[in-house]
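See structure below.
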Amino acid sequence: MQQTPPPFLAITIGDPAGIGPEVVLKALADDTVHGLCRPLVFGSHRLLEQAYLYLRALSPDPLANPDDLEIVDLPSSQPIETGKLCAHAGDLSFAYLQAAIEATQVGRCAGVVTAPIHKSAWHLAGHRYPGQTEVLARACGAERYGMLFVARSPVNGWPLRVLLATTHIPLAAVPTTLIPELVRSKLALLFDSLDCDFGLSDPQVAVAGLNPHSGENGQLGSEERDWLAPLIADWPGDRLLGPVPPDTLWIEAARAWAGTAHHGACDAYLALYHDQGLIPVKMLAFDQAVNTTIGLSIVRTSPDHGTAFDIAGRGIARPQSMVAAVALAAELANRRAARSLAAPAAL
Ligand SMILES: NC(=O)C1=CN([C@@H]2O[C@H](COP(=O)(O)OP(=O)(O)OC[C@H]3O[C@@H](n4cnc5c(N)ncnc54)[C@H](O)[C@@H]3O)[C@@H](O)[C@H]2O)C=CC1
Ligand SMILES: NCC(=O)COP(=O)(O)O
């Protein structure tokens, strides 16, 4: 039987002042990545060439030579200082993302893998989005979308999946943003994604409480008592657990991740705000975790880390999360392609 060639993936280099170019060049030096996808890099050839020549002497890891890559070149008009916040770099990273989305929407690529952008650089350049997620959602016309972190344990392959109910908002805005409709909508989105994107038709999902000890029957906060616990209890089927006190929610997941005996680790977790989910994810799996935007018409993944200006240009950025982001994008793209082949043709 003839083998299907791996999917084309649009890979952006992110903010060129950060570690995006470095982790992209390191990831694309890995032969397994080329077995998974055919990469099309969205960036500035000159800046990638500069990063390659500079890092070659410093990096302990192999680097892909930009001359060997297929690059959609969006030329940069000004010099970029590594590790420095700058509006021009923000503008470029925004343009790489837009071009990658367009290439994917017209079918040239099967998904987008985004290296990290710096949100303040976007703001300096006048691109007032909370992050790349919202640009993708807008471009895809998605009203219901979510930020899901996915990581596979290097010990045993156990998959950690954490969806954030709220994302880039101030902590003070969480209690007012977190309303029953939002939680219902995120849970429905999560179940759809677990089924369609991950092939799990009967998953178990745990929901975090908001307050210490999940409110301790209203003594330490009332959200759980007033609506979160009833919402979970009324959810159809027997697939939701919670609200689990947020300090203990991660214990079985951490044991499953470490390959230790565990009882009742779940297929996915709903964290109610950014750091409630991302502290455990990054503590357990900083080098493995991938951020994927669910609910979009296109596949999108990204490493879990940011631009790391503090180490940019030193050759020490680890590419594993970027490699994992490419691998997950290829997996999701292949699953979508298989589903569309299996779907009955429209009359
Ligand atoms: N996918 C994306 O576009 C993301 C973008 N960001 C943005 O990045 C900017 C900087 O964010 P920070 O909070 O400083 O987080 P960061 O992830 O850039 O850095 C946090 C710490 O982790 C280290 N680190 C990060 N990635 C690493 C790697 N691959 N190898 C070795 N060490 C690494 C850094 O040196 C730093 O000490 C912000 O604007 C943030 O919003 C943050 C996360 C994801
Ligand atoms: N903390 C995750 C993050 O900052 C990623 O944001 P986005 O640019 O993917 O929307």
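A note on labels: chains of the structure tokens are A, B, ... as shown, every chain counts residues from 1, and ligands are counted from 1 in their shown order.
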
Next item on the list: Give the alpha helix (DSSP H) residues of segment 223-344 of chain A, as DSSP finds them on the backbone, and put them as a ChimeraX atom specification.
Entry: /A:223,229-234,251-258,274-285,320-342

Next item on the list: List all protein, DNA and RNA residues that have an atom no more than 9 Å from any atom of ligand 1, counting only C-alpha atoms and all ligand atoms, and report them as JSON, numbers by chain.
Entry: {"A": [14, 15, 18, 19, 20, 22, 23, 114, 115, 116, 117, 118, 119, 120, 121, 122, 130, 131, 132, 133, 168, 286, 287, 290, 291, 301, 302, 303, 304, 305, 306, 307, 308, 309, 310, 311, 312, 316, 317, 318, 319, 320, 321, 322]}

Check: If you run DSSP on this backbone, which residues of segment 109-301 of chain A come out as strand (DSSP E or B), and could you give them as a ChimeraX atom specification?
Finding: /A:111-114,146-152,159-164,205-208,218,221,240-244,268-271,290-294,299-301

Note to self: For Pro180 of chain A, find every residue with an atom within 12 Å (counting only C-alpha atoms), except residues of its own chain fewer than 6 positions away, and show them as JSON, numbers by chain.
What the structure shows: {"A": [165, 186, 187, 223, 224, 226, 227, 228, 229, 230, 231, 232, 272]}

Checklist line | Pick from A:Ala95, A:Ala17, A:Leu332, A:Ile279, whichever lies nearest to ligand 2 using only C-alpha atoms and all ligand atoms | finding: A:Ile279

Item checked: Point-to-point distance from atom CA of Trp257 of chain A to atom CA of Ser153 of chain A, Å rounded to tenths ->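 Going from atom CA of Trp257 of chain A over to atom CA of Ser153 of chain A, I get 5.3 Å.
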
Next item on the list: Using only C-alpha atoms, determine which residues lie at most 10 Å from Ser59 of chain A, disregarding the query and same-chain residues fewer than 4 positions distant; provide the list as a ChimeraX atom specification.
Entry: /A:22,26,52,54-55,63,313-317

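Of the residues under consideration (A:Pro75, A:Gly264, A:Gly146, A:Pro203), A:Gly146 shows the shortest atom-to-atom contact distance to ligand 2 when counting only C-alpha atoms and all ligand atoms.
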
Check: Hey, what's within 9 Å of Arg184 of chain A if we count only C-alpha atoms and toss same-chain stuff fewer than 5 positions away? As a list in words, please?
Finding: Ile179, Leu189, Leu231 and Trp235 of chain A

Any chance you can output those residues with all heavy atoms as a JSON list (two decimals), in the first residue's frame?
[["chain", "number", "residue", "atom", "x", "y", "z"],
["A", 179, "ILE", "N", -18.46, 32.28, 34.90],
["A", 179, "ILE", "CA", -19.90, 32.09, 35.15],
["A", 179, "ILE", "C", -20.30, 30.70, 34.66],
["A", 179, "ILE", "O", -19.58, 30.07, 33.88],
["A", 179, "ILE", "CB", -20.73, 33.20, 34.46],
["A", 179, "ILE", "CG1", -20.39, 33.25, 32.97],
["A", 179, "ILE", "CG2", -20.48, 34.55, 35.13],
["A", 179, "ILE", "CD1", -21.26, 34.20, 32.18],
["A", 189, "LEU", "N", -16.77, 21.98, 24.90],
["A", 189, "LEU", "CA", -15.66, 22.08, 23.94],
["A", 189, "LEU", "C", -14.60, 21.02, 24.23],
["A", 189, "LEU", "O", -14.08, 20.35, 23.31],
["A", 189, "LEU", "CB", -15.05, 23.48, 24.06],
["A", 189, "LEU", "CG", -13.85, 23.81, 23.19],
["A", 189, "LEU", "CD1", -14.26, 23.89, 21.73],
["A", 189, "LEU", "CD2", -13.22, 25.13, 23.63],
["A", 231, "LEU", "N", -23.61, 22.17, 38.83],
["A", 231, "LEU", "CA", -23.37, 22.05, 37.37],
["A", 231, "LEU", "C", -22.69, 20.70, 37.07],
["A", 231, "LEU", "O", -23.06, 20.00, 36.12],
["A", 231, "LEU", "CB", -22.49, 23.22, 36.93],
["A", 231, "LEU", "CG", -22.14, 23.42, 35.47],
["A", 231, "LEU", "CD1", -21.73, 24.88, 35.23],
["A", 231, "LEU", "CD2", -21.05, 22.51, 34.96],
["A", 235, "TRP", "N", -24.28, 17.22, 35.06],
["A", 235, "TRP", "CA", -23.71, 16.95, 33.73],
["A", 235, "TRP", "C", -24.13, 15.54, 33.29],
["A", 235, "TRP", "O", -24.02, 14.59, 34.08],
["A", 235, "TRP", "CB", -22.18, 17.06, 33.77],
["A", 235, "TRP", "CG", -21.59, 17.19, 32.40],
["A", 235, "TRP", "CD1", -21.13, 16.17, 31.62],
["A", 235, "TRP", "CD2", -21.42, 18.40, 31.66],
["A", 235, "TRP", "NE1", -20.68, 16.68, 30.43],
["A", 235, "TRP", "CE2", -20.86, 18.04, 30.42],
["A", 235, "TRP", "CE3", -21.71, 19.74, 31.91],
["A", 235, "TRP", "CZ2", -20.55, 18.98, 29.43],
["A", 235, "TRP", "CZ3", -21.41, 20.67, 30.94],
["A", 235, "TRP", "CH2", -20.84, 20.30, 29.72]]

Residues near Ala329 of chain A, cut-off 8 Å, only C-alpha atoms, skip fewer than 6 positions along chain, as a tab-separated table (two decimals) with C-alpha atoms, in the first residue's frame:
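Listing of out14.tsv after writing:
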chain	number	residue	atom	x	y	z
A	9	LEU	CA	3.02	22.31	8.58
A	111	GLY	CA	-1.71	23.12	10.50
A	112	VAL	CA	0.17	25.97	12.16
A	113	VAL	CA	2.91	25.59	14.77
A	299	VAL	CA	-4.89	22.80	13.65
A	300	ARG	CA	-2.71	25.03	15.85
A	301	THR	CA	-0.04	24.13	18.38

Next item on the list: Would you mind listing what lies within 12 Å of Leu190 of chain A as a ChimeraX atom specification, with only C-alpha atoms counted and same-chain residues fewer than 6 positions away left out?
Entry: /A:144-149,161-165,183-184,196-198,200-201,203-207,239-240,267-271,292-295

Save out the residues we just selected, N, CA and C atoms, as an mmCIF file, in the first residue's frame.
data_model
loop_
_atom_site.group_PDB
_atom_site.id
_atom_site.type_symbol
_atom_site.label_atom_id
_atom_site.label_comp_id
_atom_site.auth_asym_id
_atom_site.auth_seq_id
_atom_site.Cartn_x
_atom_site.Cartn_y
_atom_site.Cartn_z
ATOM 1 N N ARG A 144 -16.308 29.684 19.845
ATOM 2 C CA ARG A 144 -16.042 28.803 20.989
ATOM 3 C C ARG A 144 -14.686 28.141 20.756
ATOM 4 N N TYR A 145 -13.709 28.528 21.551
ATOM 5 C CA TYR A 145 -12.369 27.962 21.388
ATOM 6 C C TYR A 145 -11.714 27.902 22.762
ATOM 7 N N GLY A 146 -10.608 27.178 22.870
ATOM 8 C CA GLY A 146 -9.997 27.040 24.190
ATOM 9 C C GLY A 146 -8.510 26.748 24.110
ATOM 10 N N MET A 147 -7.833 27.027 25.246
ATOM 11 C CA MET A 147 -6.381 26.826 25.352
ATOM 12 C C MET A 147 -6.145 25.528 26.127
ATOM 13 N N LEU A 148 -5.753 24.498 25.391
ATOM 14 C CA LEU A 148 -5.550 23.172 25.994
ATOM 15 C C LEU A 148 -4.053 22.855 25.991
ATOM 16 N N PHE A 149 -3.546 22.459 27.144
ATOM 17 C CA PHE A 149 -2.141 22.041 27.255
ATOM 18 C C PHE A 149 -2.092 20.521 27.285
ATOM 19 N N ARG A 161 -3.608 16.372 30.125
ATOM 20 C CA ARG A 161 -4.325 17.362 29.300
ATOM 21 C C ARG A 161 -5.034 18.333 30.230
ATOM 22 N N VAL A 162 -4.756 19.616 30.073
ATOM 23 C CA VAL A 162 -5.340 20.626 30.961
ATOM 24 C C VAL A 162 -5.920 21.764 30.116
ATOM 25 N N LEU A 163 -7.231 21.962 30.248
ATOM 26 C CA LEU A 163 -7.877 23.094 29.570
ATOM 27 C C LEU A 163 -8.039 24.225 30.570
ATOM 28 N N LEU A 164 -7.784 25.459 30.110
ATOM 29 C CA LEU A 164 -7.977 26.627 30.983
ATOM 30 C C LEU A 164 -9.358 27.217 30.709
ATOM 31 N N ALA A 165 -10.166 27.375 31.772
ATOM 32 C CA ALA A 165 -11.503 27.954 31.580
ATOM 33 C C ALA A 165 -11.403 29.454 31.299
ATOM 34 N N VAL A 183 -18.274 27.911 31.978
ATOM 35 C CA VAL A 183 -17.750 26.593 32.365
ATOM 36 C C VAL A 183 -18.441 25.501 31.543
ATOM 37 N N ARG A 184 -19.774 25.639 31.352
ATOM 38 C CA ARG A 184 -20.485 24.643 30.524
ATOM 39 C C ARG A 184 -19.927 24.611 29.116
ATOM 40 N N CYS A 196 -12.975 14.170 19.084
ATOM 41 C CA CYS A 196 -12.555 14.363 17.679
ATOM 42 C C CYS A 196 -11.035 14.430 17.531
ATOM 43 N N ASP A 197 -10.361 15.127 18.435
ATOM 44 C CA ASP A 197 -8.917 15.355 18.256
ATOM 45 C C ASP A 197 -8.080 14.234 18.871
ATOM 46 N N PHE A 198 -8.619 13.597 19.929
ATOM 47 C CA PHE A 198 -7.790 12.622 20.652
ATOM 48 C C PHE A 198 -8.387 11.209 20.649
ATOM 49 N N LEU A 200 -11.020 9.938 22.130
ATOM 50 C CA LEU A 200 -11.520 9.415 23.414
ATOM 51 C C LEU A 200 -13.033 9.622 23.471
ATOM 52 N N SER A 201 -13.795 8.536 23.317
ATOM 53 C CA SER A 201 -15.252 8.718 23.257
ATOM 54 C C SER A 201 -15.896 8.697 24.650
ATOM 55 N N PRO A 203 -14.345 9.802 27.948
ATOM 56 C CA PRO A 203 -13.283 10.250 28.859
ATOM 57 C C PRO A 203 -13.801 10.648 30.230
ATOM 58 N N GLN A 204 -12.891 10.629 31.196
ATOM 59 C CA GLN A 204 -13.178 11.107 32.553
ATOM 60 C C GLN A 204 -12.472 12.457 32.708
ATOM 61 N N VAL A 205 -13.208 13.456 33.151
ATOM 62 C CA VAL A 205 -12.648 14.809 33.274
ATOM 63 C C VAL A 205 -12.833 15.300 34.712
ATOM 64 N N ALA A 206 -11.791 15.888 35.267
ATOM 65 C CA ALA A 206 -11.904 16.466 36.613
ATOM 66 C C ALA A 206 -11.904 17.990 36.522
ATOM 67 N N VAL A 207 -12.757 18.604 37.343
ATOM 68 C CA VAL A 207 -12.877 20.064 37.351
ATOM 69 C C VAL A 207 -12.330 20.589 38.682
ATOM 70 N N ARG A 239 -19.130 11.310 33.729
ATOM 71 C CA ARG A 239 -17.798 11.580 33.188
ATOM 72 C C ARG A 239 -17.105 12.759 33.856
ATOM 73 N N LEU A 240 -17.812 13.427 34.788
ATOM 74 C CA LEU A 240 -17.218 14.610 35.423
ATOM 75 C C LEU A 240 -16.999 14.367 36.901
ATOM 76 N N ASP A 267 -8.534 11.695 32.234
ATOM 77 C CA ASP A 267 -8.108 11.918 30.846
ATOM 78 C C ASP A 267 -7.845 13.390 30.587
ATOM 79 N N ALA A 268 -8.539 14.256 31.335
ATOM 80 C CA ALA A 268 -8.313 15.700 31.159
ATOM 81 C C ALA A 268 -8.776 16.428 32.418
ATOM 82 N N TYR A 269 -8.278 17.663 32.549
ATOM 83 C CA TYR A 269 -8.572 18.501 33.721
ATOM 84 C C TYR A 269 -9.042 19.865 33.235
ATOM 85 N N LEU A 270 -10.024 20.422 33.938
ATOM 86 C CA LEU A 270 -10.403 21.810 33.667
ATOM 87 C C LEU A 270 -9.899 22.655 34.824
ATOM 88 N N ALA A 271 -8.937 23.541 34.517
ATOM 89 C CA ALA A 271 -8.450 24.502 35.512
ATOM 90 C C ALA A 271 -9.228 25.796 35.300
ATOM 91 N N THR A 292 -2.297 23.832 22.631
ATOM 92 C CA THR A 292 -3.040 23.718 21.374
ATOM 93 C C THR A 292 -4.367 24.457 21.499
ATOM 94 N N THR A 293 -4.739 25.127 20.429
ATOM 95 C CA THR A 293 -6.013 25.857 20.443
ATOM 96 C C THR A 293 -7.077 24.927 19.902
ATOM 97 N N ILE A 294 -8.044 24.582 20.756
ATOM 98 C CA ILE A 294 -9.109 23.685 20.299
ATOM 99 C C ILE A 294 -10.320 24.524 19.869
ATOM 100 N N GLY A 295 -11.113 23.942 18.988
ATOM 101 C CA GLY A 295 -12.317 24.623 18.518
ATOM 102 C C GLY A 295 -12.099 25.436 17.246
#
